[in-house]
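For reference, the structure discussed in these notes is given below.
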Amino acid sequence: MKKLVLDASVIIKWLLPDVDQEEDTKTALDILQNIKESEISINQPVHWLAEAAAVAVRLTPETARKDIADLCEMDFDIIDNLEVYLLACDLSAKLNHHMFDTLYHAVALHLSNTVLVTADRKYYKKASPFGKIVLLEQFKSFRGRS
């Protein structure tokens with residue numbers, strides 16, 4: 001089973017009503033389907049739902065309450081320990097980047113066989129030398145495989 005961390009730039013694509021509204025939405029929806037089919041497991045930092053909720057309320061206030069309830073029901077594994085926070089602090093300082101973004105990456109770096117999937121090109125460009133990160137547009141899902 002593939003293990004991923006998904007940042008808010010990927011998760012929010014699940015909540016947008018128009019698939020063509022955002023770039024790479026189909027790939028994000030393929031990941032969601034893979035999760036539902038238990039082909040992918042998800043590990044998240046502690047703040048993931050709060051960040052997704054903040055974006056959902058701004059972009060789709062009419063459906064935000066239901067969307068966040070649906071996300072909460074997915075019951076992703078939360079990784080919340082000192083080692084992850086310290087790693088995120090180090091990444092944040094080295095990359096001069098917001099800690100909320102580095103927390104996602106720190107979870108992927110902390111766990112074996114786990115990769116962060118992001119649609120945030122700015123963060124990817126800075127953080128790719130640290131490894132265990134892939135752009136959503138480059139991610140290949142399991143859909144359609146035999």
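Residues in the structure tokens are named by chain (A, B, ... in the order shown) and by number from 1 within that chain; ligands are numbered from 1 in the order shown.
Excluding Thr114 in chain A itself and same-chain residues fewer than 3 positions from it, the residues having an atom within 9 Å of it are Lys2, Lys3, Leu4, Val5, Ile42, Asn43, Val107, Ala108, Leu109, His110, Leu111, Lys132 and Ile133 of chain A, counting only C-alpha atoms.
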Could you save those same residues with C-alpha atoms as an mmCIF file, in the first residue's frame?
```cif
data_model
loop_
_atom_site.group_PDB
_atom_site.id
_atom_site.type_symbol
_atom_site.label_atom_id
_atom_site.label_comp_id
_atom_site.auth_asym_id
_atom_site.auth_seq_id
_atom_site.Cartn_x
_atom_site.Cartn_y
_atom_site.Cartn_z
ATOM 1 C CA LYS A 2 1.319 3.434 -0.918
ATOM 2 C CA LYS A 3 1.653 5.856 2.016
ATOM 3 C CA LEU A 4 1.157 9.577 1.438
ATOM 4 C CA VAL A 5 0.916 12.914 3.153
ATOM 5 C CA ILE A 42 -2.753 8.797 4.546
ATOM 6 C CA ASN A 43 -0.733 10.222 7.437
ATOM 7 C CA VAL A 107 5.656 13.912 8.483
ATOM 8 C CA ALA A 108 6.696 12.377 5.148
ATOM 9 C CA LEU A 109 10.389 12.626 6.045
ATOM 10 C CA HIS A 110 9.750 11.127 9.483
ATOM 11 C CA LEU A 111 7.848 8.053 8.227
ATOM 12 C CA LYS A 132 10.134 12.540 -0.261
ATOM 13 C CA ILE A 133 8.033 15.136 -2.069
#
```
Show which residues sit within 8 Å of Leu136 in chain A, as a VMD selection string. Count only C-alpha atoms, and ignore same-chain residues fewer than 4 positions away. chain A and resid 10 24 27 to 28 117 to 119
Tell me, as an MDAnalysis selection string, which residues lie within 8 Å of Ala52 in chain A, counting only C-alpha atoms; anything in the same chain fewer than 6 positions away does not count. chainID A and resid 8 11:12 68
Using only C-alpha atoms, find the one residue out of A:Asp90, A:Pro129, A:Arg121, A:Val46 that sits nearest to Asp75 in chain A. A:Val46
Which residues come within 12 Å of Glu62 in chain A, counting only C-alpha atoms, excluding same-chain residues fewer than 4 positions away, as a count of residues only? 9
Shortest interatomic distance to Lys140 in chain A - which of A:Leu49, A:Ala64, A:Met1, A:Ile31, counting only C-alpha atoms: A:Ile31
Atomic separation - CA of Glu37 in chain A relative to CA of Arg65 in chain A, Å: 24.8 Å
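Going from CA of Ser9 in chain A to CA of Asp80 in chain A covers 20.4 Å.
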Could you find all residues in range 80-123 of chain A that DSSP calls strand (DSSP E or B) from the backbone, and write them as a list in words? Thr114, Val115, Leu116, Val117 and Thr118 of chain A
